[in-house]
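One file, query_3.pdb, carrying PDB, C-alpha atoms:
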MODEL        1
ATOM      1  CA  MET V   1      -2.995 -34.345 -50.561
ATOM      2  CA  THR V   2      -3.122 -33.552 -54.206
ATOM      3  CA  GLY V   3      -0.989 -34.124 -57.234
ATOM      4  CA  ALA V   4      -0.561 -37.868 -56.714
ATOM      5  CA  LEU V   5      -1.626 -40.189 -59.505
ATOM      6  CA  PRO V   6      -3.018 -43.733 -59.066
ATOM      7  CA  VAL V   7      -0.604 -46.562 -59.745
ATOM      8  CA  LEU V   8      -1.506 -48.783 -62.714
ATOM      9  CA  GLY V   9      -4.076 -51.344 -61.586
ATOM     10  CA  ALA V  10      -5.511 -49.240 -58.730
ATOM     11  CA  PRO V  11      -9.318 -49.348 -58.557
ATOM     12  CA  ASP V  12     -11.332 -46.498 -60.007
ATOM     13  CA  PRO V  13     -11.972 -44.061 -57.133
ATOM     14  CA  ASP V  14     -15.731 -44.572 -57.460
ATOM     15  CA  GLU V  15     -15.345 -48.371 -57.260
ATOM     16  CA  ARG V  16     -13.213 -48.648 -54.116
ATOM     17  CA  PRO V  17     -14.597 -50.899 -51.389
ATOM     18  CA  ARG V  18     -16.065 -49.020 -48.434
ATOM     19  CA  ASN V  19     -16.099 -50.084 -44.822
ATOM     20  CA  ARG V  20     -16.945 -48.649 -41.435
ATOM     21  CA  ARG V  21     -15.495 -49.515 -38.078
ATOM     22  CA  ARG V  22     -14.992 -48.312 -34.528
ATOM     23  CA  ALA V  23     -11.356 -47.438 -33.772
ATOM     24  CA  MET V  24      -9.226 -46.465 -30.790
ATOM     25  CA  ARG V  25      -6.233 -44.130 -31.157
ATOM     26  CA  VAL V  26      -3.655 -43.814 -28.369
ATOM     27  CA  LEU V  27      -1.409 -40.833 -27.667
ATOM     28  CA  LEU V  28       1.745 -42.384 -26.210
ATOM     29  CA  VAL V  29       3.718 -39.585 -24.545
ATOM     30  CA  ASP V  30       7.080 -40.223 -22.908
ATOM     31  CA  ARG V  31       8.521 -38.566 -19.787
ATOM     32  CA  GLU V  32      10.197 -35.941 -22.013
ATOM     33  CA  ASP V  33       6.744 -34.936 -23.365
ATOM     34  CA  ARG V  34       7.351 -36.432 -26.803
ATOM     35  CA  ILE V  35       4.505 -38.199 -28.618
ATOM     36  CA  LEU V  36       5.055 -41.309 -30.717
ATOM     37  CA  LEU V  37       3.795 -41.116 -34.302
ATOM     38  CA  PHE V  38       4.169 -43.481 -37.246
ATOM     39  CA  ARG V  39       4.800 -42.331 -40.805
ATOM     40  CA  ASP V  40       2.115 -44.025 -42.882
ATOM     41  CA  SER V  41       1.698 -43.955 -46.655
ATOM     42  CA  ASP V  42      -0.550 -44.804 -49.589
ATOM     43  CA  PRO V  43       1.664 -46.851 -51.939
ATOM     44  CA  GLY V  44      -1.149 -47.001 -54.511
ATOM     45  CA  LEU V  45      -0.265 -43.453 -55.617
ATOM     46  CA  THR V  46       2.730 -41.907 -57.350
ATOM     47  CA  PRO V  47       4.421 -40.057 -55.823
ATOM     48  CA  VAL V  48       3.599 -41.930 -52.612
ATOM     49  CA  PRO V  49       1.945 -39.531 -50.133
ATOM     50  CA  VAL V  50       2.992 -39.818 -46.493
ATOM     51  CA  PHE V  51       1.318 -38.715 -43.282
ATOM     52  CA  TRP V  52       1.982 -39.233 -39.564
ATOM     53  CA  ILE V  53      -0.512 -41.085 -37.345
ATOM     54  CA  THR V  54      -0.943 -42.171 -33.747
ATOM     55  CA  PRO V  55      -0.870 -45.847 -32.796
ATOM     56  CA  GLY V  56      -4.283 -47.490 -32.836
ATOM     57  CA  GLY V  57      -6.832 -49.230 -34.960
ATOM     58  CA  GLY V  58     -10.102 -51.070 -35.183
ATOM     59  CA  VAL V  59     -12.070 -52.683 -32.387
ATOM     60  CA  ASP V  60     -12.386 -56.405 -33.072
ATOM     61  CA  PRO V  61     -15.678 -58.274 -32.553
ATOM     62  CA  GLY V  62     -16.151 -59.125 -28.870
ATOM     63  CA  GLU V  63     -13.577 -56.567 -27.699
ATOM     64  CA  THR V  64     -14.244 -53.570 -25.511
ATOM     65  CA  ASP V  65     -12.851 -50.201 -26.554
ATOM     66  CA  LEU V  66     -10.189 -50.395 -23.844
ATOM     67  CA  GLN V  67      -9.183 -53.945 -24.782
ATOM     68  CA  ALA V  68      -8.756 -52.793 -28.385
ATOM     69  CA  ALA V  69      -6.608 -49.823 -27.343
ATOM     70  CA  VAL V  70      -4.338 -52.061 -25.234
ATOM     71  CA  ARG V  71      -4.041 -54.650 -28.040
ATOM     72  CA  GLU V  72      -3.329 -52.063 -30.739
ATOM     73  CA  VAL V  73      -0.557 -50.436 -28.684
ATOM     74  CA  ALA V  74       1.076 -53.840 -28.113
ATOM     75  CA  GLU V  75       0.793 -54.858 -31.781
ATOM     76  CA  GLU V  76       1.978 -51.570 -33.256
ATOM     77  CA  THR V  77       4.662 -50.557 -30.751
ATOM     78  CA  GLY V  78       5.606 -53.593 -28.675
ATOM     79  CA  LEU V  79       4.686 -51.723 -25.471
ATOM     80  CA  ALA V  80       2.521 -53.599 -22.962
ATOM     81  CA  ILE V  81       0.048 -51.309 -21.220
ATOM     82  CA  THR V  82      -3.014 -51.956 -19.076
ATOM     83  CA  GLU V  83      -6.534 -50.595 -19.371
ATOM     84  CA  ASP V  84      -5.964 -48.698 -16.101
ATOM     85  CA  GLU V  85      -3.186 -46.653 -17.749
ATOM     86  CA  LEU V  86      -5.520 -45.268 -20.431
ATOM     87  CA  VAL V  87      -6.654 -41.704 -19.715
ATOM     88  CA  GLY V  88      -9.744 -40.469 -21.503
ATOM     89  CA  PRO V  89     -11.401 -40.588 -23.841
ATOM     90  CA  LEU V  90      -9.964 -37.187 -24.679
ATOM     91  CA  ALA V  91     -11.693 -36.687 -28.026
ATOM     92  CA  GLU V  92     -14.106 -38.322 -30.440
ATOM     93  CA  ARG V  93     -14.676 -37.942 -34.165
ATOM     94  CA  VAL V  94     -15.945 -39.614 -37.293
ATOM     95  CA  VAL V  95     -13.172 -39.668 -39.873
ATOM     96  CA  VAL V  96     -13.217 -40.747 -43.508
ATOM     97  CA  HIS V  97      -9.923 -42.057 -44.873
ATOM     98  CA  GLY V  98     -10.066 -42.267 -48.657
ATOM     99  CA  TYR V  99      -7.056 -44.153 -49.974
ATOM    100  CA  SER V 100      -6.208 -45.372 -53.463
ATOM    101  CA  ASP V 101      -7.652 -48.832 -52.724
ATOM    102  CA  VAL V 102     -10.370 -48.352 -50.058
ATOM    103  CA  VAL V 103     -12.537 -45.827 -48.238
ATOM    104  CA  THR V 104     -12.741 -46.401 -44.491
ATOM    105  CA  THR V 105     -15.031 -44.483 -42.163
ATOM    106  CA  GLN V 106     -13.995 -44.709 -38.513
ATOM    107  CA  ASP V 107     -15.814 -43.765 -35.330
ATOM    108  CA  GLU V 108     -12.712 -42.875 -33.302
ATOM    109  CA  GLN V 109     -11.861 -42.174 -29.700
ATOM    110  CA  PHE V 110      -8.505 -40.813 -28.540
ATOM    111  CA  TRP V 111      -6.816 -41.965 -25.321
ATOM    112  CA  PHE V 112      -3.609 -40.928 -23.536
ATOM    113  CA  VAL V 113      -0.851 -42.961 -21.877
ATOM    114  CA  ARG V 114       2.270 -41.572 -20.207
ATOM    115  CA  CYS V 115       5.158 -44.006 -20.624
ATOM    116  CA  ASP V 116       8.890 -44.259 -20.312
ATOM    117  CA  GLY V 117      10.709 -43.881 -23.617
ATOM    118  CA  PHE V 118      11.187 -47.246 -25.304
ATOM    119  CA  GLU V 119      12.499 -48.825 -28.477
ATOM    120  CA  VAL V 120       9.537 -49.394 -30.791
ATOM    121  CA  SER V 121       9.034 -52.947 -32.045
ATOM    122  CA  THR V 122       7.175 -53.554 -35.297
ATOM    123  CA  ALA V 123       7.133 -57.343 -34.776
ATOM    124  CA  GLY V 124       3.342 -57.224 -34.313
ATOM    125  CA  HIS V 125       2.654 -55.262 -37.514
ATOM    126  CA  THR V 126       0.481 -56.808 -40.195
ATOM    127  CA  GLU V 127       1.817 -57.214 -43.738
ATOM    128  CA  VAL V 128      -0.040 -54.050 -44.753
ATOM    129  CA  GLU V 129       1.399 -52.077 -41.825
ATOM    130  CA  LEU V 130       4.908 -53.295 -42.641
ATOM    131  CA  ALA V 131       4.438 -52.097 -46.230
ATOM    132  CA  THR V 132       2.854 -48.728 -45.455
ATOM    133  CA  MET V 133       4.139 -47.632 -42.023
ATOM    134  CA  THR V 134       7.676 -46.751 -43.009
ATOM    135  CA  ALA V 135       9.054 -44.968 -39.926
ATOM    136  CA  HIS V 136       8.303 -43.770 -36.423
ATOM    137  CA  HIS V 137       9.409 -40.709 -34.497
ATOM    138  CA  TRP V 138       8.986 -39.253 -31.004
ATOM    139  CA  TRP V 139       7.737 -35.715 -31.734
ATOM    140  CA  THR V 140       8.037 -32.715 -29.422
ATOM    141  CA  ARG V 141       5.255 -30.133 -29.277
ATOM    142  CA  THR V 142       7.636 -27.643 -30.905
ATOM    143  CA  GLU V 143       8.237 -30.031 -33.811
ATOM    144  CA  LEU V 144       4.501 -30.649 -34.203
ATOM    145  CA  GLY V 145       3.727 -26.929 -34.138
ATOM    146  CA  GLY V 146       6.340 -26.133 -36.786
ATOM    147  CA  THR V 147       6.161 -29.051 -39.199
ATOM    148  CA  THR V 148       4.884 -28.865 -42.745
ATOM    149  CA  GLU V 149       4.343 -32.642 -42.734
ATOM    150  CA  GLU V 150       0.798 -33.995 -42.733
ATOM    151  CA  ILE V 151      -0.242 -35.020 -39.192
ATOM    152  CA  TRP V 152      -3.423 -37.052 -38.642
ATOM    153  CA  PRO V 153      -5.364 -36.073 -36.624
ATOM    154  CA  ARG V 154      -4.883 -32.464 -37.612
ATOM    155  CA  ASP V 155      -6.195 -31.487 -34.144
ATOM    156  CA  LEU V 156      -3.474 -33.472 -32.347
ATOM    157  CA  LEU V 157      -2.202 -30.558 -30.237
ATOM    158  CA  ALA V 158      -5.746 -29.657 -29.154
ATOM    159  CA  ILE V 159      -6.282 -33.268 -28.103
ATOM    160  CA  LEU V 160      -3.002 -33.279 -26.163
ATOM    161  CA  ASP V 161      -4.133 -30.109 -24.403
ATOM    162  CA  ARG V 162      -6.973 -32.141 -22.845
ATOM    163  CA  VAL V 163      -4.439 -33.820 -20.535
ATOM    164  CA  THR V 164      -3.635 -31.968 -17.312
ATOM    165  CA  ALA V 165      -0.172 -31.569 -15.783
ATOM    166  CA  ASP V 166      -0.812 -34.570 -13.513
ATOM    167  CA  ASP V 167      -1.661 -36.774 -16.538
ATOM    168  CA  THR V 168      -5.384 -36.910 -15.952
ATOM    169  CA  ALA V 169      -8.060 -36.017 -18.466
ATOM    170  CA  VAL V 170      -9.902 -32.749 -18.397
ATOM    171  CA  ALA V 171     -13.043 -33.429 -16.374
ATOM    172  CA  GLU V 172     -15.367 -32.420 -19.198
ATOM    173  CA  ALA V 173     -16.859 -34.617 -21.872
ATOM    174  CA  PRO V 174     -14.518 -35.684 -24.689
ATOM    175  CA  LEU V 175     -13.665 -33.016 -27.246
ATOM    176  CA  ALA V 176     -16.122 -33.416 -30.125
ATOM    177  CA  LEU V 177     -14.103 -33.118 -33.331
ATOM    178  CA  GLY V 178     -17.094 -33.809 -35.594
ATOM    179  CA  ASP V 179     -16.875 -35.256 -39.102
ATOM    180  CA  VAL V 180     -13.410 -35.102 -40.635
ATOM    181  CA  ASP V 181     -11.881 -36.070 -43.992
ATOM    182  CA  GLU V 182      -8.271 -37.228 -43.993
ATOM    183  CA  SER V 183      -7.740 -38.723 -47.429
ATOM    184  CA  THR V 184      -5.102 -39.233 -50.044
ATOM    185  CA  VAL V 185      -7.868 -39.780 -52.646
ATOM    186  CA  ALA V 186     -11.174 -38.004 -52.082
ATOM    187  CA  PRO V 187     -13.925 -40.383 -50.926
ATOM    188  CA  ALA V 188     -16.198 -39.011 -53.706
TER     189      ALA V 188
ENDMDL
END
Turn this file's structure into structure tokens for me.
Amino acid sequence: MTGALPVLGAPDPDERPRNRRRAMRVLLVDREDRILLFRDSDPGLTPVPVFWITPGGGVDPGETDLQAAVREVAEETGLAITEDELVGPLAERVVVHGYSDVVTTQDEQFWFVRCDGFEVSTAGHTEVELATMTAHHWWTRTELGGTTEEIWPRDLLAILDRVTADDTAVAEAPLALGDVDESTVAPA
């Protein structure tokens, strides 16, 4: 994403705090084969860049990966799932997200859950999520394949292809997506 300028008071790109964490991302796919994505943004830039992301987030201290995935889905969508419903991991990567205020490196795994369609609740969103995650949409594969919008992960369709027709994971090891940069401001 280029062309955006930092908002007055944003930290110098070379002075942004840096952190690293383990994160779980969950592909929630309804019975109509639509995947739920959230429109996220970086309000520290003008114009404000937007990008679409899967539900998920960091693993808290003392949590297992599966516990984190279940918690993140509940907090971000309002949907209660169980660890047994998680299929995967489908893919793994190390991603750097450089934003106007922080650089976060995440060791990510992607999981799949088939669910009935539901009304998304943002009641569990943090203040930051309420400010930056401005919409959600159930995307079809056709929409994903034809959009000009920024979708993170960029390999989303390849990850979805790891799920078989009976909603089980491909029997191979997770797809290794390597090191990826998805930033609104280059990590430098």
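If you count all atoms listed in the file and ignore residues fewer than 6 places along the chain from Gly58 of chain V, what sits within 8 Å of it is Arg21, Arg22, Ala23, Met24 and Ala68 of chain V.
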Spatial neighbours of segment 97-113 of chain V, max dist 8 Å, all atoms listed in the file, sep filter under 3 positions, as a PDB file with C-alpha atoms, keeping the file's coordinate frame:
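Here's the written file part-v1.pdb:
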ATOM      1  CA  PRO V   6      -3.018 -43.733 -59.066  1.00  0.00           C
ATOM      2  CA  ALA V  10      -5.511 -49.240 -58.730  1.00  0.00           C
ATOM      3  CA  PRO V  11      -9.318 -49.348 -58.557  1.00  0.00           C
ATOM      4  CA  PRO V  13     -11.972 -44.061 -57.133  1.00  0.00           C
ATOM      5  CA  ARG V  16     -13.213 -48.648 -54.116  1.00  0.00           C
ATOM      6  CA  PRO V  17     -14.597 -50.899 -51.389  1.00  0.00           C
ATOM      7  CA  ARG V  18     -16.065 -49.020 -48.434  1.00  0.00           C
ATOM      8  CA  ASN V  19     -16.099 -50.084 -44.822  1.00  0.00           C
ATOM      9  CA  ARG V  20     -16.945 -48.649 -41.435  1.00  0.00           C
ATOM     10  CA  ARG V  21     -15.495 -49.515 -38.078  1.00  0.00           C
ATOM     11  CA  ARG V  22     -14.992 -48.312 -34.528  1.00  0.00           C
ATOM     12  CA  ALA V  23     -11.356 -47.438 -33.772  1.00  0.00           C
ATOM     13  CA  MET V  24      -9.226 -46.465 -30.790  1.00  0.00           C
ATOM     14  CA  ARG V  25      -6.233 -44.130 -31.157  1.00  0.00           C
ATOM     15  CA  VAL V  26      -3.655 -43.814 -28.369  1.00  0.00           C
ATOM     16  CA  LEU V  27      -1.409 -40.833 -27.667  1.00  0.00           C
ATOM     17  CA  LEU V  28       1.745 -42.384 -26.210  1.00  0.00           C
ATOM     18  CA  VAL V  29       3.718 -39.585 -24.545  1.00  0.00           C
ATOM     19  CA  ASP V  42      -0.550 -44.804 -49.589  1.00  0.00           C
ATOM     20  CA  GLY V  44      -1.149 -47.001 -54.511  1.00  0.00           C
ATOM     21  CA  LEU V  45      -0.265 -43.453 -55.617  1.00  0.00           C
ATOM     22  CA  GLU V  85      -3.186 -46.653 -17.749  1.00  0.00           C
ATOM     23  CA  LEU V  86      -5.520 -45.268 -20.431  1.00  0.00           C
ATOM     24  CA  VAL V  87      -6.654 -41.704 -19.715  1.00  0.00           C
ATOM     25  CA  GLY V  88      -9.744 -40.469 -21.503  1.00  0.00           C
ATOM     26  CA  PRO V  89     -11.401 -40.588 -23.841  1.00  0.00           C
ATOM     27  CA  LEU V  90      -9.964 -37.187 -24.679  1.00  0.00           C
ATOM     28  CA  ALA V  91     -11.693 -36.687 -28.026  1.00  0.00           C
ATOM     29  CA  GLU V  92     -14.106 -38.322 -30.440  1.00  0.00           C
ATOM     30  CA  ARG V  93     -14.676 -37.942 -34.165  1.00  0.00           C
ATOM     31  CA  VAL V  94     -15.945 -39.614 -37.293  1.00  0.00           C
ATOM     32  CA  ILE V 159      -6.282 -33.268 -28.103  1.00  0.00           C
ATOM     33  CA  VAL V 163      -4.439 -33.820 -20.535  1.00  0.00           C
ATOM     34  CA  ASP V 181     -11.881 -36.070 -43.992  1.00  0.00           C
ATOM     35  CA  GLU V 182      -8.271 -37.228 -43.993  1.00  0.00           C
ATOM     36  CA  SER V 183      -7.740 -38.723 -47.429  1.00  0.00           C
ATOM     37  CA  THR V 184      -5.102 -39.233 -50.044  1.00  0.00           C
ATOM     38  CA  VAL V 185      -7.868 -39.780 -52.646  1.00  0.00           C
ATOM     39  CA  ALA V 186     -11.174 -38.004 -52.082  1.00  0.00           C
ATOM     40  CA  PRO V 187     -13.925 -40.383 -50.926  1.00  0.00           C
TER      41      PRO V 187
END
Counting all atoms listed in the file, which residue out of V:Gly145, V:Arg31, V:Ala165, V:Thr134 sits closest to Val48 of chain V? V:Thr134
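You will find atom CA of Asp14 of chain V at 19.8 Å from atom CA of Pro49 of chain V.
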Apply the PyMOL selection byres ((chain V and resi 53) around 8) to the structure shown and report the selected residues as an MDAnalysis selection string. chainID V and resid 37:40 51:52 54:55 151:153
Spell out the residues picked by the PyMOL selection byres ((chain V and resi 117) around 7) here, as JSON, numbers by chain. {"V": [30, 31, 115, 116, 118]}
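What separates atom CA of His136 of chain V from atom CA of Val120 of chain V is a distance of 8.1 Å.
Compared by their closest atoms to Glu129 of chain V, and using only C-alpha atoms, the residues V:Asp167, V:Glu63, V:Glu76, V:Glu143 rank with V:Glu76 nearest.
Using the PyMOL selection byres ((chain V and resi 140) around 8) on this structure selects Asp33, Arg34, Ile35, Trp138, Trp139, Arg141, Thr142, Glu143 and Leu144 of chain V.
If all atoms listed in the file are the atoms counted, then among V:Thr148, V:Glu83, V:Pro174, V:Val128 the closest residue to Leu160 of chain V is V:Pro174.
The space between atom CA of Asp60 of chain V and atom CA of Ser121 of chain V spans 21.7 Å.
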